[in-house]
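Structure record follows, encoded as structure tokens.
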Amino acid sequence: HHMSKTSILKRFLRRITPDLSTADSNWFTELSSIGGISKTGKRINHDTALTMTAYWSCLKILSETLASMDMDVFETKDNVRQKATKDPLYNILNRTPNQYMTSYKYIEAMMLNLLSFGNAYAVIIRNEVGHVQQLIPQFSQAVEVVYTKTSDIAYKIKADGSDHELIAQDDMIHISCFSMNGIVGKSPVRVHMETIGLGKAMDEFGASLFQRGAVPSGILKSPKPLTTEVQQRLMDI
């Protein structure tokens, strides 16, 4: 019987149900917001940024390169640090992080979220004795970092409809990009919105120009009537 991702989360995740601080929640969300309208008038978000060849290529190279590398697990025995290839975490990180994807796809997904939104999240699925069984990456824009009433950090994951899962910090892998508060990373798309917007506007202008046969449009005005010879000379330019 196939078990859905949501049911797995509900079954295995350790729940916490304290009151949330709305002010701190909104502050975290503001830091991680993505996109807006650039000064060129172009609306820039993750989807529009992906249409830029340079942006797409950077994401592809960085995410695929890291995904193709092994992730080592180390242990210390008798003050000697060595690889722990027999540790269960080694297989989780390098073979099957979860039942949905390979380690390559897992790292690729984490990197794409990190480079696009400034944050990468993965829910840690544990067994009954607390051992890690699966790592399930989350879409960054569906995760909200919140403070609990006891000033602990938790993660609210938007699920189907208006439901959400509240995940304890110990049950979440959170990798952030540059951060102003040390917790939530800033979105590269948001930070570089003007540069991406300018590139987008230039691409659209170039496409429009070539669509017209590379002939710029406009109206020439003269303070006095032009002779036939001058008119012909302008048409030949």
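Every chain in the structure tokens takes a letter, A first, then B, and so on in the order presented; its residues are numbered from 1, and the ligands are numbered from 1 following the presented order.
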
Q: Pick out the residues sitting within 10 Å of stretch 98-102 of chain A, and hand them over as an MDAnalysis selection string; count only C-alpha atoms, and ignore anything fewer than 5 positions along from it in its own chain.
A: chainID A and resid 5 92:93 107:109 124:125 133:137

**Q.** helix (DSSP H, G or I) call set, DSSP backbone run, stretch 67-158 of chain A, as a list in words
**A.**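 Going through stretch 67-158 of chain A, the helix (DSSP H, G or I) residues come out as Ala67, Pro88, Leu89, Tyr90, Asn91, Ile92, Leu93, Asn94, Ser103, Tyr104, Lys105, Tyr106, Ile107, Glu108, Ala109, Met110, Met111, Leu112, Asn113, Leu114, Leu115, Ser116, Phe117, Ser140, Gln141 and Ala142 of chain A.
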
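The coordinates place atom CA of A:Gly118 at 4.7 Å from atom CA of A:Gly185.
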
Q: Please identify which residues in stretch 32-175 of chain A DSSP calls strand (DSSP E or B) from the backbone, and express them as a VMD selection string.
A: chain A and resid 36 to 37 43 to 44 74 to 77 80 to 83 119 to 126 132 to 138 143 to 148 153 to 158 164 to 168 172 to 175

**Q.** Test item: residues at most 7 Å from A:His46, only C-alpha atoms, excluding those fewer than 2 positions along its chain, as an NGL selection string
**A.** :A and (48-50 or 116 or 189)

I need the residues from that last selection saved to file as a PDB file, in the first residue's frame (with all heavy atoms), if you can.
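Output file out.pdb follows:
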ATOM      1  N   THR A  48      10.169  34.003 -13.515  1.00  0.00           N
ATOM      2  CA  THR A  48      10.645  34.896 -14.572  1.00  0.00           C
ATOM      3  C   THR A  48      12.172  34.902 -14.623  1.00  0.00           C
ATOM      4  O   THR A  48      12.759  35.034 -15.693  1.00  0.00           O
ATOM      5  CB  THR A  48      10.131  36.327 -14.353  1.00  0.00           C
ATOM      6  OG1 THR A  48      10.521  36.785 -13.049  1.00  0.00           O
ATOM      7  CG2 THR A  48       8.614  36.385 -14.471  1.00  0.00           C
ATOM      8  N   ALA A  49      12.821  34.759 -13.462  1.00  0.00           N
ATOM      9  CA  ALA A  49      14.284  34.711 -13.444  1.00  0.00           C
ATOM     10  C   ALA A  49      14.798  33.477 -14.175  1.00  0.00           C
ATOM     11  O   ALA A  49      15.850  33.523 -14.823  1.00  0.00           O
ATOM     12  CB  ALA A  49      14.797  34.722 -12.006  1.00  0.00           C
ATOM     13  N   LEU A  50      14.064  32.378 -14.095  1.00  0.00           N
ATOM     14  CA  LEU A  50      14.488  31.144 -14.758  1.00  0.00           C
ATOM     15  C   LEU A  50      14.516  31.281 -16.277  1.00  0.00           C
ATOM     16  O   LEU A  50      15.199  30.506 -16.954  1.00  0.00           O
ATOM     17  CB  LEU A  50      13.554  29.989 -14.372  1.00  0.00           C
ATOM     18  CG  LEU A  50      13.811  29.311 -13.027  1.00  0.00           C
ATOM     19  CD1 LEU A  50      12.744  28.262 -12.749  1.00  0.00           C
ATOM     20  CD2 LEU A  50      15.203  28.683 -12.977  1.00  0.00           C
ATOM     21  N   SER A 116      17.786  29.674  -5.252  1.00  0.00           N
ATOM     22  CA  SER A 116      16.649  30.459  -5.741  1.00  0.00           C
ATOM     23  C   SER A 116      16.020  31.303  -4.641  1.00  0.00           C
ATOM     24  O   SER A 116      15.717  32.480  -4.835  1.00  0.00           O
ATOM     25  CB  SER A 116      15.582  29.526  -6.339  1.00  0.00           C
ATOM     26  OG  SER A 116      16.101  28.798  -7.419  1.00  0.00           O
ATOM     27  N   VAL A 189      17.372  36.150  -5.756  1.00  0.00           N
ATOM     28  CA  VAL A 189      16.519  36.777  -6.768  1.00  0.00           C
ATOM     29  C   VAL A 189      16.030  38.125  -6.274  1.00  0.00           C
ATOM     30  O   VAL A 189      15.983  39.108  -7.021  1.00  0.00           O
ATOM     31  CB  VAL A 189      15.330  35.868  -7.130  1.00  0.00           C
ATOM     32  CG1 VAL A 189      14.355  36.586  -8.060  1.00  0.00           C
ATOM     33  CG2 VAL A 189      15.828  34.589  -7.790  1.00  0.00           C
TER      34      VAL A 189
END
